[in-house]
$ cat protein-v4.txt   # compact mmCIF, C-alpha atoms
# COMPACT_ATOMS: atom_id res chain seq x y z
CA MET A 1 0.00 0.00 0.00
CA GLU A 2 2.82 2.33 0.85
CA LEU A 3 4.50 1.60 -2.50
CA ALA A 4 1.28 2.43 -4.34
CA SER A 5 0.87 5.75 -2.54
CA LYS A 6 4.51 6.69 -3.34
CA ALA A 7 3.89 5.89 -7.03
CA ILE A 8 0.70 7.98 -7.06
CA ASN A 9 2.52 10.90 -5.37
CA MET A 10 5.33 10.69 -7.95
CA VAL A 11 2.83 10.68 -10.84
CA ASN A 12 1.00 13.67 -9.34
CA ARG A 13 4.31 15.59 -9.04
CA LEU A 14 5.18 14.79 -12.63
CA ILE A 15 1.75 15.89 -13.84
CA ASN A 16 2.03 19.16 -11.96
CA ASN A 17 5.60 19.78 -13.16
CA ASN A 18 5.55 22.09 -16.22
CA THR A 19 9.00 20.96 -17.36
CA PHE A 20 7.79 17.37 -17.72
CA ILE A 21 4.75 18.52 -19.68
CA ASP A 22 6.92 20.70 -21.94
CA ILE A 23 9.33 17.83 -22.61
CA PHE A 24 6.42 15.51 -23.40
CA LEU A 25 4.89 18.04 -25.82
CA VAL A 26 8.20 18.71 -27.57
CA GLY A 27 8.79 14.95 -27.90
CA SER A 28 5.33 14.51 -29.40
CA PHE A 29 5.97 17.36 -31.84
CA VAL A 30 9.29 15.84 -32.92
CA ALA A 31 7.70 12.39 -33.38
CA LEU A 32 4.91 13.87 -35.51
CA GLY A 33 7.44 15.87 -37.53
CA VAL A 34 9.51 12.75 -38.27
CA ARG A 35 6.38 10.82 -39.25
CA SER A 36 5.26 13.66 -41.53
CA MET A 37 8.69 13.80 -43.20
CA ASN A 38 8.61 10.04 -43.84
CA GLN A 39 5.12 10.30 -45.34
CA GLN A 40 6.19 13.19 -47.56
CA ASN A 41 9.16 11.17 -48.86
CA LEU A 42 6.83 8.24 -49.56
CA ILE A 43 4.39 10.51 -51.42
CA GLU A 44 7.17 11.92 -53.58
CA ALA A 45 8.44 8.42 -54.41
CA LEU A 46 4.91 7.31 -55.33
CA GLU A 47 4.44 10.35 -57.59
CA VAL A 48 7.65 9.51 -59.45
CA GLU A 49 6.51 5.90 -59.81
CA ARG A 50 3.10 7.08 -61.03
CA GLU A 51 4.66 9.21 -63.75
CA ALA A 52 6.81 6.27 -64.85
CA LEU A 53 3.75 4.01 -64.98
CA ILE A 54 1.79 6.56 -67.00
CA THR A 55 4.62 6.80 -69.52
CA THR A 56 4.88 3.02 -69.75
CA ASN A 57 1.10 2.65 -70.20
CA LYS A 58 1.10 5.22 -73.00
CA SER A 59 3.89 3.42 -74.83
CA ILE A 60 2.11 0.07 -74.41
CA LYS A 61 -1.14 1.53 -75.76
CA LYS A 62 0.71 2.96 -78.75
CA SER A 63 2.40 -0.39 -79.42
CA MET A 64 -0.94 -2.20 -79.22
CA TRP A 65 -2.48 0.32 -81.62
CA ASP A 66 0.40 -0.13 -84.06
CA TRP A 67 0.14 -3.93 -83.85
CA LYS A 68 -3.60 -3.77 -84.44
CA GLN A 69 -3.13 -1.52 -87.49
CA GLN A 70 -0.45 -3.87 -88.83
CA LEU A 71 -2.76 -6.84 -88.25
CA TYR A 72 -5.55 -5.07 -90.15
CA ALA A 73 -3.15 -4.24 -92.97
CA ASP A 74 -2.03 -7.86 -93.18
CA ALA A 75 -5.63 -9.10 -93.13
CA SER A 76 -6.72 -6.68 -95.86
CA SER A 77 -4.24 -8.09 -98.38
CA PRO A 78 -5.75 -11.26 -99.88
CA ASP A 79 -2.48 -13.13 -100.45
CA THR A 80 -1.20 -12.99 -96.82
CA ALA A 81 -4.48 -13.01 -94.91
CA ILE A 82 -4.75 -15.86 -92.42
CA VAL A 83 -7.86 -14.40 -90.79
CA PRO A 84 -10.29 -12.26 -92.81
CA LEU A 85 -10.50 -8.57 -91.98
CA SER A 86 -14.22 -8.79 -91.17
CA ARG A 87 -13.51 -11.51 -88.57
CA LEU A 88 -10.77 -9.37 -86.96
CA LYS A 89 -13.06 -6.38 -86.76
CA ALA A 90 -15.74 -8.56 -85.17
CA ILE A 91 -13.21 -9.79 -82.61
CA TYR A 92 -12.25 -6.21 -81.73
CA GLY A 93 -15.89 -5.15 -81.64
CA GLU A 94 -15.65 -2.68 -84.50
CA VAL A 95 -18.42 -4.21 -86.62
CA VAL A 96 -22.01 -3.51 -85.72
CA SER A 97 -24.06 -6.51 -86.64
CA VAL A 98 -27.35 -5.74 -88.38
CA PRO A 99 -30.20 -7.95 -87.12
CA SER A 100 -31.64 -10.24 -89.77
CA ASP A 101 -35.33 -10.49 -90.65
CA ALA A 102 -35.65 -13.73 -88.66
CA ASP A 103 -34.32 -12.00 -85.55
CA ALA A 104 -36.76 -9.14 -86.05
CA GLU A 105 -39.70 -11.58 -86.31
CA LYS A 106 -38.63 -13.35 -83.10
CA THR A 107 -38.43 -10.01 -81.30
CA GLU A 108 -41.92 -9.02 -82.53
CA LYS A 109 -43.43 -12.35 -81.40
CA ALA A 110 -41.80 -12.06 -77.98
CA SER A 111 -43.02 -8.50 -77.50
CA SER A 112 -46.56 -9.38 -78.62
CA LYS A 113 -46.68 -12.24 -76.11
CA LEU A 114 -45.72 -9.81 -73.35
CA LEU A 115 -48.53 -7.44 -74.31
CA ILE A 116 -51.21 -10.15 -74.17
$ encode --input "protein-v4.txt" --output "structure tokens"
Amino acid sequence: MELASKAINMVNRLINNNTFIDIFLVGSFVALGVRSMNQQNLIEALEVEREALITTNKSIKKSMWDWKQQLYADASSPDTAIVPLSRLKAIYGEVVSVPSDADAEKTEKASSKLLI
């Protein structure tokens, strides 16, 4: 019991001592400053990495575009075409398919059944 009361008295003296409070506040400020500096360095490194990734993505997109144009050019010449140009455009989604008359009749029948 005596040991506990001595510890409580020591804590009360430390709490009431302005020097201890000042040291604690300065230490907290320094710790927050170091943490902020580390975060700022991390942000700068991530920004540099982001710029590098953007440049790489642009070059990859350009390469893919060039390859696609070369593929279309190869497919448009009849003597070297392995896959027809219309099939390539369908694969890339550049051809809009026009519905046939049979598809239109099926759609009309389905809609008329819904109305009944």
$ closest_residue --input "protein-v4.txt" --among "A:Tyr92, A:Asn9, A:Lys58, A:Leu46" --to "Leu71 (chain A)" --atoms "all atoms listed in the file"
A:Tyr92
$ atom_distance --input "protein-v4.txt" --atom1 "CA of Asp22 (chain A)" --atom2 "CA of Ala7 (chain A)"
21.2 Å
$ atom_distance --input "protein-v4.txt" --atom1 "CA of Lys89 (chain A)" --atom2 "CA of Ala73 (chain A)"
11.9 Å
$ atom_distance --input "protein-v4.txt" --atom1 "CA of Ala4 (chain A)" --atom2 "CA of Val26 (chain A)"
29.2 Å
